[in-house]
file structure_3.cif (mmCIF, C-alpha atoms)
data_target
#
loop_
_atom_site.label_atom_id
_atom_site.label_comp_id
_atom_site.auth_asym_id
_atom_site.auth_seq_id
_atom_site.Cartn_x
_atom_site.Cartn_y
_atom_site.Cartn_z
CA MET A 1 16.66 -0.21 12.11
CA ARG A 2 16.55 -1.94 8.71
CA HIS A 3 12.76 -2.12 8.90
CA PHE A 4 12.54 1.53 9.97
CA ASP A 5 14.85 2.58 7.12
CA PHE A 6 12.70 0.56 4.70
CA VAL A 7 9.57 2.39 5.88
CA ARG A 8 11.25 5.78 5.61
CA ARG A 9 12.50 5.08 2.08
CA GLY A 10 9.00 4.03 1.06
CA ILE A 11 7.49 7.24 2.42
CA GLU A 12 10.14 9.31 0.65
CA ASP A 13 9.55 7.44 -2.63
CA LEU A 14 5.87 8.42 -2.40
CA GLY A 15 6.74 12.06 -1.78
CA ILE A 16 4.94 12.16 1.58
CA PRO A 17 6.38 14.81 3.93
CA TYR A 18 7.12 13.60 7.46
CA VAL A 19 8.91 14.69 10.59
CA LEU A 20 10.81 12.30 12.88
CA ASN A 21 9.77 12.61 16.51
CA ASN A 22 11.79 10.50 18.96
CA ARG A 23 9.33 11.36 21.74
CA LEU A 24 6.24 10.07 19.96
CA VAL A 25 4.58 7.20 21.85
CA ARG A 26 1.26 5.38 21.65
CA GLY A 27 -0.89 4.64 24.65
CA LEU A 28 -0.87 0.87 24.13
CA ASP A 29 2.31 -1.11 24.81
CA TYR A 30 1.88 -3.82 22.13
CA TYR A 31 3.13 -1.52 19.37
CA GLN A 32 6.44 -2.43 17.70
CA HIS A 33 8.68 -0.82 15.11
CA THR A 34 7.00 2.27 13.63
CA VAL A 35 4.31 4.44 15.20
CA TRP A 36 2.89 7.58 13.61
CA GLU A 37 0.44 10.43 13.85
CA MET A 38 -1.19 12.35 11.04
CA THR A 39 -1.84 15.98 11.86
CA CYS A 40 -3.88 18.74 10.25
CA SER A 41 -3.04 22.43 10.22
CA SER A 42 -6.66 23.54 9.74
CA GLY A 43 -7.77 26.34 12.00
CA LEU A 44 -11.07 24.49 12.50
CA LEU A 45 -9.41 22.11 14.95
CA GLY A 46 -6.81 24.25 16.62
CA ARG A 47 -3.23 23.28 17.33
CA SER A 48 -3.92 21.12 20.40
CA GLN A 49 -6.51 19.01 18.53
CA GLY A 50 -4.64 18.75 15.24
CA THR A 51 -4.01 14.98 15.33
CA ILE A 52 -6.68 13.28 13.21
CA LEU A 53 -5.23 9.78 12.84
CA ALA A 54 -2.63 7.70 14.67
CA GLY A 55 -1.41 4.13 14.67
CA GLY A 56 1.51 1.78 14.35
CA ARG A 57 2.80 -1.72 13.82
CA TYR A 58 2.10 -4.57 16.25
CA ASP A 59 3.48 -7.86 14.96
CA GLY A 60 3.23 -9.56 18.36
CA LEU A 61 -0.40 -8.75 19.17
CA THR A 62 -1.83 -12.07 18.00
CA SER A 63 0.45 -14.06 20.31
CA ILE A 64 -0.41 -11.75 23.22
CA LEU A 65 -4.08 -12.55 22.61
CA GLY A 66 -3.37 -16.30 22.64
CA GLY A 67 -2.72 -16.96 18.98
CA PRO A 68 -0.35 -19.73 17.83
CA LYS A 69 2.32 -17.33 16.54
CA ALA A 70 3.10 -13.67 16.03
CA LEU A 71 1.63 -12.42 12.75
CA PRO A 72 2.43 -9.16 10.93
CA GLY A 73 -0.05 -6.50 11.95
CA VAL A 74 -0.62 -2.79 11.46
CA GLY A 75 -3.52 -0.56 12.40
CA TRP A 76 -4.71 2.94 13.10
CA ALA A 77 -7.60 4.85 14.60
CA ALA A 78 -9.09 8.12 13.42
CA GLY A 79 -11.11 10.77 15.19
CA ILE A 80 -14.41 10.65 13.29
CA ASP A 81 -15.71 13.80 14.91
CA ARG A 82 -12.57 15.71 13.95
CA LEU A 83 -12.68 14.41 10.39
CA ALA A 84 -16.34 15.37 10.12
CA MET A 85 -15.45 18.94 11.04
CA LEU A 86 -13.08 19.05 8.08
CA VAL A 87 -15.53 17.71 5.47
CA PRO A 88 -17.50 20.39 3.61
CA ASP A 89 -21.26 20.24 3.96
CA MET A 90 -21.87 18.56 0.59
CA GLN A 91 -22.74 15.21 -0.90
CA ILE A 92 -19.75 12.95 -1.47
CA PRO A 93 -20.14 10.73 -4.58
CA HIS A 94 -19.54 7.00 -4.31
CA PRO A 95 -15.89 6.41 -5.25
CA MET A 96 -14.83 4.34 -8.25
CA GLN A 97 -13.22 0.98 -7.60
CA PRO A 98 -9.48 1.48 -6.96
CA ILE A 99 -6.98 -0.12 -9.32
CA PRO A 100 -5.09 -3.04 -7.73
CA ILE A 101 -1.34 -3.20 -8.32
CA LEU A 102 -0.38 -6.86 -8.76
CA ILE A 103 3.23 -7.91 -8.29
CA ILE A 104 4.87 -10.65 -10.37
CA PRO A 105 7.12 -12.40 -7.81
CA ASP A 106 10.65 -13.63 -8.45
CA ARG A 107 11.95 -17.07 -7.49
CA ASN A 108 14.59 -17.33 -4.79
CA LYS A 109 17.15 -20.12 -4.31
CA ASP A 110 14.53 -22.19 -2.43
CA ALA A 111 12.12 -21.85 -5.39
CA LYS A 112 9.76 -19.70 -3.34
CA ARG A 113 7.95 -16.80 -4.95
CA VAL A 114 9.30 -13.66 -3.27
CA VAL A 115 9.02 -9.91 -3.63
CA ASP A 116 12.11 -7.95 -2.59
CA ASP A 117 12.26 -4.41 -1.21
CA GLU A 118 12.98 -2.74 -4.56
CA LEU A 119 10.07 -4.42 -6.35
CA TYR A 120 7.62 -3.72 -3.54
CA ARG A 121 8.68 -0.06 -3.38
CA TYR A 122 8.21 0.19 -7.15
CA ALA A 123 4.68 -1.18 -6.76
CA MET A 124 3.99 1.51 -4.14
CA LYS A 125 5.38 4.11 -6.52
CA ALA A 126 3.02 2.86 -9.25
CA ALA A 127 0.04 3.05 -6.90
CA ASN A 128 0.96 6.58 -5.89
CA LYS A 129 1.32 7.61 -9.55
CA ILE A 130 -2.17 6.32 -10.34
CA ARG A 131 -3.59 8.16 -7.32
CA GLU A 132 -2.10 11.38 -8.67
CA ILE A 133 -3.65 11.08 -12.14
CA SER A 134 -6.93 9.29 -11.49
CA LYS A 135 -9.88 9.70 -9.13
CA CYS A 136 -10.30 5.96 -8.74
CA GLY A 137 -7.18 5.51 -6.60
CA ALA A 138 -5.01 2.42 -6.33
CA PHE A 139 -3.63 -0.10 -3.82
CA VAL A 140 -0.84 -2.68 -3.78
CA PHE A 141 -2.12 -6.25 -3.54
CA TYR A 142 -0.24 -7.95 -0.70
CA GLY A 143 -0.66 -11.61 0.06
CA THR A 144 1.12 -14.72 1.31
CA GLU A 145 -0.14 -18.21 0.74
CA SER A 146 -1.35 -20.14 3.77
CA GLY A 147 1.35 -21.87 5.73
CA SER A 148 4.12 -19.48 4.73
CA ASP A 149 6.11 -17.15 6.94
CA SER A 150 6.91 -13.64 5.75
CA GLY A 151 9.66 -11.31 6.92
CA ALA A 152 9.18 -7.67 7.77
CA ASN A 153 10.50 -6.41 4.44
CA SER A 154 9.47 -9.05 1.88
CA CYS A 155 6.52 -11.09 0.69
CA ALA A 156 7.45 -14.75 1.13
CA ASN A 157 5.72 -17.24 -1.18
CA HIS A 158 3.75 -14.44 -2.82
CA PRO A 159 0.75 -15.76 -4.80
CA GLN A 160 1.09 -16.45 -8.50
CA LEU A 161 -0.21 -13.73 -10.83
CA GLY A 162 -3.20 -15.85 -11.85
CA LYS A 163 -4.32 -16.28 -8.25
CA GLN A 164 -3.94 -12.56 -7.64
CA LEU A 165 -6.12 -11.78 -10.67
CA SER A 166 -8.77 -14.26 -9.54
CA SER A 167 -8.80 -12.70 -6.08
CA VAL A 168 -9.24 -9.08 -7.17
CA LEU A 169 -11.68 -9.84 -10.00
CA SER A 170 -13.93 -11.96 -7.77
CA ARG A 171 -14.85 -8.89 -5.75
CA SER A 172 -18.11 -7.10 -6.40
CA PRO A 173 -17.92 -4.66 -7.99
CA SER A 174 -14.64 -5.68 -9.61
CA PRO A 175 -12.04 -3.13 -10.74
CA ARG A 176 -12.30 -1.87 -14.33
CA LYS A 177 -8.52 -1.90 -14.76
CA VAL A 178 -5.66 -3.85 -13.16
CA ALA A 179 -2.00 -2.80 -13.07
CA ILE A 180 0.86 -5.32 -13.04
CA VAL A 181 4.54 -4.84 -12.17
CA GLY A 182 7.53 -7.15 -11.98
CA SER A 183 11.29 -7.07 -12.26
CA ASN A 184 11.12 -6.21 -15.98
CA GLU A 185 8.88 -3.23 -15.26
CA VAL A 186 11.28 -1.99 -12.58
CA ALA A 187 14.20 -2.18 -15.03
CA GLN A 188 12.28 -0.40 -17.80
CA ASN A 189 10.30 2.07 -15.62
CA THR A 190 7.04 0.74 -17.06
CA ILE A 191 3.71 -0.63 -15.86
CA VAL A 192 1.31 -3.11 -17.46
CA ILE A 193 -2.32 -1.95 -17.64
CA ARG A 194 -4.92 -4.72 -18.09
CA ASP A 195 -8.57 -4.17 -19.07
CA SER A 196 -10.70 -6.46 -16.91
CA ALA A 197 -13.51 -6.73 -19.48
CA THR A 198 -11.52 -7.43 -22.65
CA GLN A 199 -8.43 -8.93 -20.94
CA ASP A 200 -6.29 -6.80 -23.26
CA GLN A 201 -3.14 -5.42 -21.68
CA ILE A 202 -0.43 -2.98 -22.67
CA SER A 203 2.97 -2.03 -21.25
CA VAL A 204 3.43 1.74 -20.92
CA ASP A 205 5.88 4.16 -19.32
CA ILE A 206 4.89 4.70 -15.71
CA ASP A 207 5.04 8.48 -16.16
CA ASN A 208 2.73 8.43 -19.21
CA CYS A 209 -0.01 6.00 -18.25
CA LYS A 210 -2.89 8.43 -17.66
CA GLN A 211 -4.77 7.81 -20.93
CA TYR A 212 -4.61 4.03 -20.41
CA ILE A 213 -5.93 4.33 -16.87
CA GLU A 214 -8.86 6.58 -17.68
CA ASP A 215 -10.03 5.37 -21.12
#
call {"tool": "encode", "arguments": {"input": "structure_3.cif", "output": "structure tokens"}}
result
Amino acid sequence: MRHFDFVRRGIEDLGIPYVLNNRLVRGLDYYQHTVWEMTCSSGLLGRSQGTILAGGRYDGLTSILGGPKALPGVGWAAGIDRLAMLVPDMQIPHPMQPIPILIIPDRNKDAKRVVDDELYRYAMKAANKIREISKCGAFVFYGTESGSDSGANSCANHPQLGKQLSSVLSRSPSPRKVAIVGSNEVAQNTIVIRDSATQDQISVDIDNCKQYIED
């Protein structure tokens, strides 16, 4: 239940409306923890065909398939034909590169770099804020170094900030801006915006970061 409560709190922090359905099941029995469906109220599909995307968590799938251990996993499938019916008959421009949210990990008593629930939820909040004010979108960079084990609700041995920057900036095309959050940003309700070209960065209030994202 702790994992389920963590997921629910994250959804509520992002302001996403949801309805609990204790009868919701998926057709494949390897799902664990949370399963979901996304529905659409458009009259184009009708009530019986309103589900456009569904999925869930399946941490044990790799071991079922013969892997050495159970790895965290999540996935979904969408009805392409249903989605196509909802898209207006118009050209869709190529999207801008989304802004990655990098997390500065804390050190635990074992000297491992970890990200706790509060910090990860704050990173999700920052990503959602950027999605609201910018067309480029945003995502939270999640990673564990090879050889580490991660729990359901934390990032164990999270990569150092420098490695995270190298990873996101090595992509082509690379993001124009990068956002950074850590424990200090959580305490001060701020976010660090970094310009990938100039390497200049500035700490701003998370609720007033629009001009720094779009300039």
call {"tool": "closest_residue", "arguments": {"input": "structure_3.cif", "among": "A:Val178, A:Leu44, A:Ile16, A:Ala77", "to": "Ile202 of chain A", "atoms": "only C-alpha atoms"}}
result
A:Val178
call {"tool": "atom_distance", "arguments": {"input": "structure_3.cif", "atom1": "atom CA of Ser183 of chain A", "atom2": "atom CA of Lys163 of chain A"}}
result
18.6 Å
call {"tool": "residues_around", "arguments": {"input": "structure_3.cif", "residues": "Leu53 of chain A", "least_positions_apart": "4", "cutoff": "9 Å", "atoms": "only C-alpha atoms", "output": "PyMOL selection string"}}
result
chain A and resi 36-39+76-79
call {"tool": "write_last_selection", "arguments": {"input": "structure_3.cif", "atoms": "C-alpha atoms", "output": "mmCIF file, keeping the file's coordinate frame"}}
result
data_model
loop_
_atom_site.group_PDB
_atom_site.id
_atom_site.type_symbol
_atom_site.label_atom_id
_atom_site.label_comp_id
_atom_site.auth_asym_id
_atom_site.auth_seq_id
_atom_site.Cartn_x
_atom_site.Cartn_y
_atom_site.Cartn_z
ATOM 1 C CA TRP A 36 2.890 7.580 13.610
ATOM 2 C CA GLU A 37 0.440 10.430 13.850
ATOM 3 C CA MET A 38 -1.190 12.350 11.040
ATOM 4 C CA THR A 39 -1.840 15.980 11.860
ATOM 5 C CA TRP A 76 -4.710 2.940 13.100
ATOM 6 C CA ALA A 77 -7.600 4.850 14.600
ATOM 7 C CA ALA A 78 -9.090 8.120 13.420
ATOM 8 C CA GLY A 79 -11.110 10.770 15.190
#
call {"tool": "atom_distance", "arguments": {"input": "structure_3.cif", "atom1": "atom CA of Val204 of chain A", "atom2": "atom CA of Asn189 of chain A"}}
result
8.7 Å
call {"tool": "residues_around", "arguments": {"input": "structure_3.cif", "residues": "Thr190 of chain A", "least_positions_apart": "4", "cutoff": "8 Å", "atoms": "all atoms listed in the file", "output": "ChimeraX atom specification"}}
result
/A:181,185-186,203-206
call {"tool": "write_last_selection", "arguments": {"input": "structure_3.cif", "atoms": "C-alpha atoms", "output": "compact mmCIF listing (two decimals), in the frame of the given file"}}
result
# COMPACT_ATOMS: atom_id res chain seq x y z
CA VAL A 181 4.54 -4.84 -12.17
CA GLU A 185 8.88 -3.23 -15.26
CA VAL A 186 11.28 -1.99 -12.58
CA SER A 203 2.97 -2.03 -21.25
CA VAL A 204 3.43 1.74 -20.92
CA ASP A 205 5.88 4.16 -19.32
CA ILE A 206 4.89 4.70 -15.71
call {"tool": "atom_distance", "arguments": {"input": "structure_3.cif", "atom1": "atom CA of Leu14 of chain A", "atom2": "atom CA of Tyr120 of chain A"}}
result
12.3 Å
call {"tool": "closest_residue", "arguments": {"input": "structure_3.cif", "among": "A:Ile101, A:Ala111, A:Leu161, A:Met96", "to": "Val192 of chain A", "atoms": "only C-alpha atoms"}}
result
A:Ile101
call {"tool": "axis_aligned_box", "arguments": {"input": "structure_3.cif", "around": "segment 59-72 of chain A", "padding_each_side": "4 Å", "output": "lines of an AutoDock Vina configuration file"}}
result
center_x = -0.3
center_y = -13.8
center_z = 17.1
size_x = 15.6
size_y = 19.9
size_z = 20.3
call {"tool": "residues_around", "arguments": {"input": "structure_3.cif", "residues": "Arg121 of chain A", "least_positions_apart": "3", "cutoff": "8 Å", "atoms": "all atoms listed in the file", "output": "list in words"}}
result
Gly10, Asp13, Asp117, Glu118, Met124 and Lys125 of chain A
call {"tool": "resolve_selection", "arguments": {"input": "structure_3.cif", "expression": "the PyMOL selection byres ((chain A and resi 138) around 9)", "output": "ChimeraX atom specification"}}
result
/A:97-101,126-131,134,136-137,139-140
call {"tool": "closest_residue", "arguments": {"input": "structure_3.cif", "among": "A:Lys210, A:His3, A:His33, A:Arg26", "to": "Lys135 of chain A", "atoms": "all atoms listed in the file"}}
result
A:Lys210
call {"tool": "residues_around", "arguments": {"input": "structure_3.cif", "residues": "Leu45 of chain A", "least_positions_apart": "6", "cutoff": "12 Å", "atoms": "only C-alpha atoms", "output": "short mmCIF file (atom, residue, chain, number, x, y, z; two decimals) with C-alpha atoms, in the coordinates of the input"}}
result
data_model
loop_
_atom_site.label_atom_id
_atom_site.label_comp_id
_atom_site.auth_asym_id
_atom_site.auth_seq_id
_atom_site.Cartn_x
_atom_site.Cartn_y
_atom_site.Cartn_z
CA THR A 39 -1.84 15.98 11.86
CA THR A 51 -4.01 14.98 15.33
CA ILE A 52 -6.68 13.28 13.21
CA GLY A 79 -11.11 10.77 15.19
CA ASP A 81 -15.71 13.80 14.91
CA ARG A 82 -12.57 15.71 13.95
CA LEU A 83 -12.68 14.41 10.39
CA ALA A 84 -16.34 15.37 10.12
CA MET A 85 -15.45 18.94 11.04
CA LEU A 86 -13.08 19.05 8.08
#
call {"tool": "residues_around", "arguments": {"input": "structure_3.cif", "residues": "Lys69 of chain A", "least_positions_apart": "5", "cutoff": "9 Å", "atoms": "all atoms listed in the file", "output": "JSON, numbers by chain"}}
result
{"A": [60, 62, 63]}
call {"tool": "closest_residue", "arguments": {"input": "structure_3.cif", "among": "A:Glu12, A:Asp195, A:Asp116, A:Asp29", "to": "Glu214 of chain A", "atoms": "only C-alpha atoms"}}
result
A:Asp195
call {"tool": "closest_residue", "arguments": {"input": "structure_3.cif", "among": "A:Asn108, A:Gln49, A:Ser42, A:Asn208", "to": "Asn157 of chain A", "atoms": "all atoms listed in the file"}}
result
A:Asn108
call {"tool": "closest_residue", "arguments": {"input": "structure_3.cif", "among": "A:Ala187, A:Leu102, A:Val114, A:Ala70", "to": "Val168 of chain A", "atoms": "all atoms listed in the file"}}
result
A:Leu102
call {"tool": "resolve_selection", "arguments": {"input": "structure_3.cif", "expression": "the PyMOL selection byres ((chain A and resi 197) around 12)", "output": "VMD selection string"}}
result
chain A and resid 169 174 to 178 194 to 196 198 to 201
